[in-house]
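In what follows, a structure is listed as structure tokens, so that the remarks can point back to it.
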Amino acid sequence: MRNSLIAGTAIAILLTSGCAEMSDTQRRTAIGAGAGALGGAAIGAMTGGKAGTGAVIGAGVGALGTYIWSQHMEQQKREMQAATQGTGVTVSQTADNQLKLDIPSDISFATNRSDIEPSFRPILDRFAEGLRNNPNTEVRIIGHTDSTGNDAINDPLSLDRAESARNYLTARGVSGARIHVAGRGSHEPIATNATAEGRARNRRVEIYVGQRQG
């Protein structure tokens, strides 16, 4: 087992050792491959296989599982930063090269409601335009609530909010097949639910856009 993991670690190091001279996108792909290599080595060792084979398979899976940060993605990020300036929406590039929009409740949905607020519509309009211009992307919309109320209320409410955002985008020409939605209720807070400020931060919608390699 120990020798197998050493072999997997060696492959991971070889895959990632050149990261310093890579672009951000290449570096993230290499890191993904390295993580996959380590996982593959461990699996190979536990199942009685050869560490080298497991690590190589794992490296391939790690690399294929990443997104790329293309010129289209960078352009959409800049457009969304301009469109959301001063609104409280956070636009960022995630560690795995997804574009993320973190949309607070004060501009997206009223309390206990899933219909989109007027202040949210111009942001989604611009977002839909970017998606139409970059059709090779996939979208995830995740709704969240604070801990007020119980799961029987919060879970469907968070999903309804995500579905409302999806329906708004599809009505503006974005294929619904590209958009996946989920509602997490109050199960993934980013702040304390003990204060009004924390609860307001937890009531949010997160939108992720990713462009696969190949």
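Just so we're on the same page: first chain in the structure tokens is A, next is B, and so on; residues restart at 1 for each chain, and ligands are numbered from 1 in the order they show up.
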
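Proximity to region 164-171 of chain A at 7 Å, evaluated using only C-alpha atoms and with sequence-adjacent residues fewer than 4 positions away removed, yields A:Ser114, A:Asp115, A:Ile116, A:Leu124, A:Ala128, A:Asp160, A:Ser175, A:Gly176, A:Ile179.
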
> Within 12 Å of Leu101 (chain A), counting only C-alpha atoms, which residues qualify if same-chain residues fewer than 5 places away don't, as a PyMOL selection string?
Replying inline: chain A and resi 76-78+80-81+83-84+87-94+108+123-124+127+139-143+204-210

Written selection (N, CA, C and O atoms) as a tab-separated table (two decimals), in the first residue's frame:
chain	number	residue	atom	x	y	z
A	76	GLN	N	-17.27	37.38	-20.64
A	76	GLN	CA	-18.53	37.35	-19.90
A	76	GLN	C	-18.33	37.82	-18.46
A	76	GLN	O	-19.17	38.52	-17.90
A	77	LYS	N	-17.21	37.45	-17.87
A	77	LYS	CA	-16.92	37.91	-16.51
A	77	LYS	C	-16.85	39.44	-16.47
A	77	LYS	O	-17.47	40.08	-15.59
A	78	ARG	N	-16.15	40.04	-17.41
A	78	ARG	CA	-16.00	41.49	-17.42
A	78	ARG	C	-17.35	42.17	-17.66
A	78	ARG	O	-17.66	43.20	-17.05
A	80	MET	N	-20.31	40.98	-16.88
A	80	MET	CA	-21.15	40.85	-15.70
A	80	MET	C	-20.66	41.73	-14.56
A	80	MET	O	-21.46	42.25	-13.79
A	81	GLN	N	-19.36	41.92	-14.45
A	81	GLN	CA	-18.83	42.84	-13.44
A	81	GLN	C	-19.31	44.26	-13.71
A	81	GLN	O	-19.68	44.99	-12.79
A	83	ALA	N	-22.06	45.04	-15.44
A	83	ALA	CA	-23.52	45.07	-15.31
A	83	ALA	C	-23.98	45.06	-13.86
A	83	ALA	O	-25.07	45.55	-13.55
A	84	THR	N	-23.16	44.52	-12.97
A	84	THR	CA	-23.58	44.37	-11.57
A	84	THR	C	-22.88	45.35	-10.63
A	84	THR	O	-23.08	45.29	-9.42
A	87	THR	N	-24.35	46.79	-7.22
A	87	THR	CA	-25.59	46.08	-6.88
A	87	THR	C	-25.43	45.15	-5.69
A	87	THR	O	-26.42	44.68	-5.14
A	88	GLY	N	-24.20	44.84	-5.32
A	88	GLY	CA	-23.96	43.85	-4.27
A	88	GLY	C	-23.72	42.46	-4.79
A	88	GLY	O	-23.37	41.55	-4.03
A	89	VAL	N	-23.88	42.26	-6.10
A	89	VAL	CA	-23.60	40.96	-6.71
A	89	VAL	C	-22.09	40.79	-6.82
A	89	VAL	O	-21.37	41.70	-7.25
A	90	THR	N	-21.61	39.62	-6.43
A	90	THR	CA	-20.19	39.30	-6.55
A	90	THR	C	-19.97	38.43	-7.77
A	90	THR	O	-20.63	37.41	-7.94
A	91	VAL	N	-19.04	38.83	-8.63
A	91	VAL	CA	-18.70	38.08	-9.84
A	91	VAL	C	-17.25	37.64	-9.71
A	91	VAL	O	-16.36	38.46	-9.50
A	92	SER	N	-17.01	36.33	-9.85
A	92	SER	CA	-15.65	35.84	-9.64
A	92	SER	C	-15.38	34.62	-10.51
A	92	SER	O	-16.29	34.02	-11.09
A	93	GLN	N	-14.10	34.29	-10.60
A	93	GLN	CA	-13.64	33.07	-11.25
A	93	GLN	C	-13.28	32.07	-10.16
A	93	GLN	O	-12.46	32.37	-9.29
A	94	THR	N	-13.88	30.90	-10.19
A	94	THR	CA	-13.61	29.91	-9.16
A	94	THR	C	-12.29	29.21	-9.43
A	94	THR	O	-11.70	29.33	-10.50
A	108	SER	N	-32.70	40.07	-5.42
A	108	SER	CA	-33.15	38.93	-6.23
A	108	SER	C	-34.58	38.51	-5.94
A	108	SER	O	-35.41	38.41	-6.85
A	123	ILE	N	-29.90	42.28	-14.61
A	123	ILE	CA	-28.72	41.43	-14.44
A	123	ILE	C	-28.91	40.13	-15.21
A	123	ILE	O	-28.01	39.68	-15.93
A	124	LEU	N	-30.07	39.53	-15.08
A	124	LEU	CA	-30.33	38.28	-15.79
A	124	LEU	C	-30.42	38.51	-17.30
A	124	LEU	O	-30.03	37.63	-18.09
A	127	PHE	N	-26.91	38.62	-18.41
A	127	PHE	CA	-26.36	37.28	-18.25
A	127	PHE	C	-26.83	36.38	-19.38
A	127	PHE	O	-26.03	35.61	-19.95
A	139	VAL	N	-24.66	25.64	-17.14
A	139	VAL	CA	-25.02	26.57	-16.08
A	139	VAL	C	-25.63	25.79	-14.91
A	139	VAL	O	-26.42	24.87	-15.11
A	140	ARG	N	-25.24	26.17	-13.70
A	140	ARG	CA	-25.88	25.65	-12.48
A	140	ARG	C	-26.41	26.83	-11.68
A	140	ARG	O	-25.69	27.80	-11.45
A	141	ILE	N	-27.66	26.72	-11.26
A	141	ILE	CA	-28.27	27.75	-10.43
A	141	ILE	C	-28.68	27.09	-9.12
A	141	ILE	O	-29.43	26.12	-9.11
A	142	ILE	N	-28.19	27.63	-8.02
A	142	ILE	CA	-28.43	27.03	-6.70
A	142	ILE	C	-29.06	28.08	-5.79
A	142	ILE	O	-28.51	29.16	-5.60
A	143	GLY	N	-30.22	27.73	-5.25
A	143	GLY	CA	-30.92	28.62	-4.33
A	143	GLY	C	-30.64	28.25	-2.89
A	143	GLY	O	-30.49	27.07	-2.55
A	204	ARG	N	-29.63	33.69	-0.61
A	204	ARG	CA	-28.91	34.07	-1.82
A	204	ARG	C	-29.17	33.07	-2.95
A	204	ARG	O	-29.69	31.98	-2.72
A	205	VAL	N	-28.76	33.47	-4.15
A	205	VAL	CA	-28.75	32.59	-5.30
A	205	VAL	C	-27.34	32.59	-5.87
A	205	VAL	O	-26.73	33.65	-6.03
A	206	GLU	N	-26.81	31.42	-6.14
A	206	GLU	CA	-25.49	31.29	-6.76
A	206	GLU	C	-25.67	30.73	-8.17
A	206	GLU	O	-26.38	29.75	-8.36
A	207	ILE	N	-25.01	31.37	-9.13
A	207	ILE	CA	-25.05	30.91	-10.51
A	207	ILE	C	-23.63	30.61	-10.96
A	207	ILE	O	-22.73	31.45	-10.82
A	208	TYR	N	-23.43	29.43	-11.50
A	208	TYR	CA	-22.12	28.99	-11.99
A	208	TYR	C	-22.21	28.73	-13.49
A	208	TYR	O	-23.18	28.13	-13.97
A	209	VAL	N	-21.17	29.16	-14.21
A	209	VAL	CA	-21.06	28.89	-15.65
A	209	VAL	C	-19.72	28.21	-15.89
A	209	VAL	O	-18.68	28.71	-15.44
A	210	GLY	N	-19.74	27.08	-16.57
A	210	GLY	CA	-18.51	26.36	-16.86
A	210	GLY	C	-18.42	25.96	-18.32
A	210	GLY	O	-19.44	25.60	-18.93

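Of the residues under consideration (A:Thr145, A:Asn134, A:Thr111, A:Ile103), A:Asn134 shows the shortest atom-to-atom contact distance to Gln71 (chain A) when counting only C-alpha atoms.
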
> Which polymer residues have any atom within 7 Å of an atom of Ile107 (chain A), counting only C-alpha atoms, with same-chain residues fewer than 4 positions away left out, as a PyMOL selection string?
Replying inline: chain A and resi 117+119-120

>> Show me, as JSON, numbers by chain, the residues that have an atom within 12 Å of region 192-198 of chain A when counting only C-alpha atoms, minus same-chain residues fewer than 5 positions from it.
In response: {"A": [104, 105, 106, 145, 146, 147, 148, 149, 186, 187, 203, 204]}

Taking C-alpha atoms for each residue, export the selection above as a CSV table (one decimal), in the first residue's frame.
chain,number,residue,atom,x,y,z
A,104,PRO,CA,-27.9,38.5,-2.4
A,105,SER,CA,-31.5,38.4,-1.5
A,106,ASP,CA,-32.1,42.1,-1.4
A,145,THR,CA,-32.3,30.3,2.4
A,146,ASP,CA,-31.6,31.2,6.0
A,147,SER,CA,-32.6,29.0,8.9
A,148,THR,CA,-35.8,30.8,9.6
A,149,GLY,CA,-38.6,28.3,9.2
A,186,SER,CA,-30.6,26.4,4.8
A,187,HIS,CA,-28.1,23.6,4.7
A,203,ARG,CA,-30.5,34.1,1.6
A,204,ARG,CA,-28.9,34.1,-1.8

>> Would you compute the distance between CA of Leu131 (chain A) and CA of His180 (chain A)? Give it in Å to one decimal.
In response: 14.0 Å

> Interatomic distance between CA of Asn133 (chain A) and CA of His72 (chain A)?
Replying inline: 8.1 Å

>> Which of region 40-192 of chain A end up as helix (DSSP H, G or I) when DSSP is run on this backbone - answer as an MDAnalysis selection string?
In response: chainID A and resid 40:46 51:64 71:83 105:108 118:133 151:170 176:178
